[in-house]
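Structure file target_23.cif with mmCIF, C-alpha atoms:
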data_model
#
loop_
_atom_site.label_atom_id
_atom_site.label_comp_id
_atom_site.auth_asym_id
_atom_site.auth_seq_id
_atom_site.Cartn_x
_atom_site.Cartn_y
_atom_site.Cartn_z
CA MET A 1 13.81 -37.38 -24.89
CA ASN A 2 17.34 -36.69 -26.12
CA LYS A 3 20.06 -35.27 -23.88
CA PRO A 4 20.08 -31.67 -25.25
CA THR A 5 16.31 -31.42 -24.81
CA LEU A 6 16.48 -32.91 -21.32
CA LEU A 7 19.25 -30.48 -20.39
CA PHE A 8 17.21 -27.52 -21.68
CA VAL A 9 14.10 -28.59 -19.75
CA SER A 10 16.13 -29.08 -16.56
CA LEU A 11 17.75 -25.66 -16.94
CA PHE A 12 14.38 -24.03 -17.58
CA LEU A 13 12.88 -25.59 -14.46
CA LEU A 14 15.87 -24.56 -12.39
CA ILE A 15 15.64 -20.95 -13.56
CA SER A 16 11.86 -20.91 -13.04
CA CYS A 17 12.17 -22.24 -9.51
CA HIS A 18 14.93 -19.76 -8.72
CA CYS A 19 12.84 -16.82 -9.91
CA TRP A 20 9.83 -17.93 -7.88
CA GLY A 21 12.05 -18.44 -4.86
CA GLN A 22 13.30 -14.89 -5.18
CA ASP A 23 9.69 -13.61 -5.30
CA SER A 24 8.72 -15.63 -2.24
CA ARG A 25 11.83 -14.57 -0.35
CA ILE A 26 11.15 -10.88 -0.85
CA ILE A 27 7.46 -11.15 0.03
CA GLU A 28 8.20 -13.25 3.10
CA SER A 29 11.02 -10.94 4.19
CA ILE A 30 8.70 -7.92 4.13
CA ALA A 31 6.03 -9.80 6.07
CA ASN A 32 8.49 -11.08 8.68
CA LEU A 33 10.12 -7.68 9.21
CA ASN A 34 6.72 -6.11 9.84
CA LYS A 35 5.76 -8.69 12.45
CA SER A 36 8.03 -6.86 14.89
CA VAL A 37 6.58 -3.43 14.03
CA ALA A 38 3.87 -2.36 16.47
CA THR A 39 3.64 1.28 15.41
CA LEU A 40 4.81 3.55 12.63
CA THR A 41 4.94 7.33 12.58
CA ALA A 42 6.21 9.34 9.62
CA ASP A 43 5.86 12.49 7.59
CA PHE A 44 4.20 11.93 4.25
CA GLU A 45 3.51 13.69 0.99
CA GLU A 46 0.55 12.79 -1.19
CA THR A 47 0.61 13.61 -4.89
CA LYS A 48 -2.49 13.03 -7.01
CA VAL A 49 -2.19 13.22 -10.78
CA MET A 50 -5.11 13.32 -13.24
CA PRO A 51 -3.50 13.08 -16.70
CA ARG A 52 -6.67 13.62 -18.71
CA LEU A 53 -7.42 16.86 -16.87
CA LYS A 54 -3.72 17.81 -16.78
CA LYS A 55 -4.13 18.41 -13.07
CA GLN A 56 -1.80 17.65 -10.16
CA THR A 57 -2.34 18.32 -6.45
CA THR A 58 0.02 17.84 -3.51
CA ARG A 59 -0.88 17.48 0.16
CA LYS A 60 1.36 16.93 3.19
CA GLY A 61 1.01 15.74 6.74
CA THR A 62 1.93 13.18 9.37
CA LEU A 63 1.01 9.51 9.48
CA SER A 64 0.37 7.41 12.60
CA PHE A 65 -0.27 3.68 12.38
CA LYS A 66 -0.91 1.09 15.08
CA SER A 67 -0.82 -2.48 13.82
CA GLN A 68 -2.46 -4.21 16.80
CA ASN A 69 -5.88 -2.69 16.22
CA GLU A 70 -5.20 -1.58 12.63
CA SER A 71 -5.71 2.11 13.31
CA LEU A 72 -4.41 4.65 10.81
CA LEU A 73 -4.45 8.44 10.90
CA MET A 74 -3.21 10.55 8.02
CA ASP A 75 -3.36 14.05 9.47
CA TYR A 76 -2.82 16.76 6.87
CA SER A 77 -0.97 19.96 7.71
CA ASP A 78 -1.40 21.22 4.14
CA PRO A 79 -4.29 21.69 3.78
CA GLU A 80 -4.69 21.95 7.55
CA GLY A 81 -7.71 20.19 9.01
CA ASP A 82 -8.03 17.47 6.38
CA TYR A 83 -7.52 13.87 7.47
CA THR A 84 -8.08 10.23 6.62
CA LEU A 85 -8.81 7.99 9.61
CA ILE A 86 -9.30 4.24 9.76
CA LYS A 87 -10.56 2.98 13.10
CA ASP A 88 -12.59 -0.08 14.12
CA GLY A 89 -12.94 -1.09 10.48
CA VAL A 90 -14.47 2.24 9.43
CA MET A 91 -12.84 4.86 7.21
CA TYR A 92 -13.44 8.57 7.77
CA VAL A 93 -12.32 11.14 5.20
CA ARG A 94 -12.42 14.87 5.79
CA LYS A 95 -11.70 17.44 3.09
CA GLY A 96 -12.44 21.04 3.97
CA ASP A 97 -15.84 21.25 5.62
CA LYS A 98 -16.99 17.90 4.26
CA GLN A 99 -16.58 14.65 6.20
CA GLN A 100 -17.51 11.22 4.85
CA LYS A 101 -17.88 7.92 6.66
CA PHE A 102 -17.37 4.61 4.86
CA ALA A 103 -18.56 1.60 6.85
CA GLN A 104 -17.91 -0.64 3.82
CA GLN A 105 -20.23 -3.54 4.33
CA ASN A 106 -19.69 -4.52 0.70
CA LYS A 107 -16.32 -6.29 0.47
CA GLU A 108 -16.05 -5.51 -3.24
CA SER A 109 -16.66 -1.76 -2.88
CA LYS A 110 -13.97 0.63 -4.07
CA MET A 111 -13.49 2.22 -0.65
CA ASN A 112 -13.41 -1.10 1.19
CA ILE A 113 -10.64 -2.41 -1.07
CA LEU A 114 -8.75 0.88 -0.68
CA LYS A 115 -9.04 0.69 3.12
CA HIS A 116 -7.71 -2.87 3.27
CA SER A 117 -4.97 -2.10 0.75
CA LEU A 118 -3.69 0.78 2.90
CA LEU A 119 -3.73 -1.28 6.10
CA ASN A 120 -2.14 -4.33 4.50
CA ALA A 121 0.53 -2.20 2.84
CA LEU A 122 1.54 -0.73 6.20
CA ASN A 123 1.48 -4.21 7.75
CA GLY A 124 3.68 -5.61 4.97
CA ARG A 125 1.03 -8.11 3.88
CA VAL A 126 1.67 -8.04 0.14
CA GLU A 127 -0.09 -11.33 -0.61
CA ALA A 128 -3.25 -10.06 1.11
CA ILE A 129 -3.21 -6.94 -1.07
CA ALA A 130 -2.86 -9.10 -4.17
CA GLN A 131 -5.75 -11.30 -3.08
CA ASP A 132 -8.07 -8.35 -2.36
CA ASN A 133 -7.26 -6.79 -5.73
CA ASN A 134 -7.11 -10.04 -7.75
CA ALA A 135 -3.61 -8.97 -8.74
CA SER A 136 -0.36 -10.55 -9.87
CA ILE A 137 2.88 -9.67 -8.06
CA GLU A 138 6.20 -8.68 -9.62
CA THR A 139 9.17 -8.11 -7.31
CA GLN A 140 12.66 -6.72 -7.63
CA GLU A 141 15.47 -5.45 -5.47
CA GLN A 142 16.32 -1.79 -5.92
CA GLY A 143 19.39 -0.77 -3.96
CA LYS A 144 18.39 -0.58 -0.29
CA ASN A 145 14.74 -1.20 -1.12
CA TYR A 146 12.32 -3.83 -2.33
CA LEU A 147 10.00 -2.76 -5.16
CA LEU A 148 6.77 -4.65 -5.77
CA THR A 149 4.26 -4.08 -8.55
CA LEU A 150 0.77 -5.53 -8.13
CA THR A 151 -1.39 -5.46 -11.26
CA ARG A 152 -5.05 -6.43 -11.39
CA GLN A 153 -5.53 -9.35 -13.75
CA THR A 154 -8.67 -7.87 -15.28
CA ASP A 155 -9.02 -4.28 -16.48
CA GLN A 156 -11.60 -2.07 -14.85
CA LYS A 157 -12.87 1.45 -15.39
CA GLN A 158 -12.99 2.44 -11.72
CA GLY A 159 -11.06 1.52 -8.59
CA ILE A 160 -7.52 0.24 -8.19
CA GLN A 161 -5.84 -1.15 -11.30
CA GLN A 162 -2.26 -1.29 -10.03
CA LEU A 163 -0.26 -0.72 -6.85
CA VAL A 164 3.46 -0.06 -6.63
CA LEU A 165 5.03 -0.50 -3.19
CA ILE A 166 8.55 0.31 -2.01
CA TYR A 167 9.81 -1.13 1.29
CA ASP A 168 13.04 -0.57 3.16
CA LYS A 169 15.07 -3.79 3.06
CA LYS A 170 16.45 -3.36 6.56
CA THR A 171 13.36 -2.32 8.52
CA GLY A 172 10.48 -3.41 6.29
CA ALA A 173 8.94 0.07 6.58
CA LEU A 174 6.76 1.23 3.70
CA GLN A 175 8.51 4.12 1.95
CA GLU A 176 6.26 4.69 -1.02
CA LEU A 177 2.86 3.57 -2.21
CA LYS A 178 1.50 4.40 -5.66
CA ILE A 179 -2.13 3.63 -6.46
CA VAL A 180 -3.12 3.65 -10.13
CA GLU A 181 -6.84 3.76 -10.92
CA GLY A 182 -8.60 2.26 -13.90
CA ASN A 183 -9.31 5.72 -15.34
CA GLY A 184 -5.59 6.58 -15.44
CA ASN A 185 -5.50 8.78 -12.34
CA TYR A 186 -2.84 7.89 -9.80
CA THR A 187 -1.89 8.87 -6.25
CA THR A 188 1.56 8.52 -4.72
CA TYR A 189 2.28 8.53 -0.98
CA GLN A 190 5.90 9.03 0.06
CA THR A 191 6.99 8.74 3.68
CA THR A 192 10.03 10.30 5.35
CA ASN A 193 11.45 10.44 8.88
CA ALA A 194 9.85 7.11 9.73
CA LYS A 195 9.97 5.98 13.36
CA LEU A 196 9.11 2.44 14.37
CA ASN A 197 7.64 1.21 17.66
CA ASP A 198 7.17 4.56 19.35
CA ILE A 199 4.33 4.58 21.88
CA ILE A 200 1.10 5.88 20.32
CA SER A 201 -1.94 6.54 22.48
CA ASP A 202 -5.30 5.25 21.24
CA ASP A 203 -6.55 8.82 21.79
CA MET A 204 -4.55 9.74 18.69
CA PHE A 205 -7.23 8.02 16.61
CA ASN A 206 -10.24 9.84 18.01
CA ILE A 207 -12.37 11.52 15.36
CA LYS A 208 -11.37 15.15 14.99
CA LYS A 209 -14.08 17.79 15.20
#
Encoded form using C-alpha cells:
Amino acid sequence: MNKPTLLFVSLFLLISCHCWGQDSRIIESIANLNKSVATLTADFEETKVMPRLKKQTTRKGTLSFKSQNESLLMDYSDPEGDYTLIKDGVMYVRKGDKQQKFAQQNKESKMNILKHSLLNALNGRVEAIAQDNNASIETQEQGKNYLLTLTRQTDQKQGIQQLVLIYDKKTGALQELKIVEGNGNYTTYQTTNAKLNDIISDDMFNIKK
C-alpha cells in the first residue's frame, strides 16, 4: 500500500472513530445524567398530526414520572378528565368516557413498544429505545440540547417508524419527544416548567375514576 493510500485510510478511520465517539458520548451523557433523576414533573403539550386527513389536535396537561417503579401519569387538563397512566407494567388510557387497559403480554405489540419507549425516553435510555424499535441512532448537539433521531431499520405500515428526542444538556431532562408512525401520522410531546427530584407520592398514580 503506497503512502497516500495509507494516509487516506488512516484519516478515514480516525474520522470514523471520532464520529462514533461523539455518538457514544452523547448517549452515555444522557443516560448518566438521568441516573440521578428520581422524579420528573412538568407541564406538557401534545400535538397529533394526521397529514392524510389534514387534521391536527392539541391536548395539554401535567406529567408526573417516578423512575424507581417506572410510574408515569399524563393528566390532561384540556380535555379535562383524560389521562394516560403507566403503573406496574400496565398502561391505562382514558379519552372521554372510554377507558382502555393494555396489559401487553406480547412484547412486539404496538402498545407494548409505545409503553416502553415512553418510559425509556423519560429515563434517558436511548439505546434501549433503539433496541425495542430495531432502530438506528443519529445524534447531534443543538445549542443547549442534544437531539437524537431513532429510525426503524425496516419500514412498517403501523406502529412507530421514527422517534425524535430532545434532551437538556445540563440536566438530561426530556424536553421533546416526537413519535412518527408508519402511516405518516405523528405526535409531538413538549414539556415545560420541568422540576426534577420533587417528592411524588405513589398515590399520584392511582387509577382515576
(Q) Since I can't run it myself right now, could you work out what the PyMOL selection byres ((chain A and resi 101) around 6) selects here and report it as a ChimeraX atom specification? (A) /A:91-92,100,102
What's the 12 Å shell around Ser77 in chain A, counting all atoms listed in the file, without same-chain residues fewer than 5 positions away, as a ChimeraX atom specification?
/A:43-46,58-63,82-83,95
Point to revise | From A:Ala103, A:Leu174, A:Val49, A:Ile113, residue lying nearest Ala31 in chain A [all atoms listed in the file] | key: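 Residue with the minimum atom-to-atom distance to Ala31 in chain A: A:Leu174.
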Inset, instruction - Tell me which residues the PyMOL selection byres ((chain A and resi 148-160) around 9) grabs here, as a count of residues only. - result: 33
How would you write, as a list in words, the residues chosen by the PyMOL selection byres ((chain A and resi 202) around 12) on this structure?
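On this input, the PyMOL selection byres ((chain A and resi 202) around 12) captures Thr39, Ser64, Phe65, Lys66, Ser67, Gln68, Asn69, Glu70, Ser71, Leu72, Leu73, Lys87, Asp88, Ile199, Ile200, Ser201, Asp203, Met204, Phe205, Asn206 and Ile207 of chain A.
Distances from A:Lys208, A:Asp78, A:Asn193, A:Pro51 to Val93 in chain A were compared using all atoms listed in the file, and the smallest one belongs to A:Lys208.
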ask   = In Å, with one decimal, what is the gap from CA of Gln99 in chain A to CA of Ala128 in chain A?
value =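 These atoms are spaced 28.5 Å apart.
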**Prompt:** By how many Å are CA of Asn34 in chain A and CA of Gln131 in chain A apart?
**Reply:**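 These atoms are spaced 18.7 Å apart.
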Correct to one decimal, the distance CA of Lys115 in chain A-CA of Leu177 in chain A is 13.4 Å
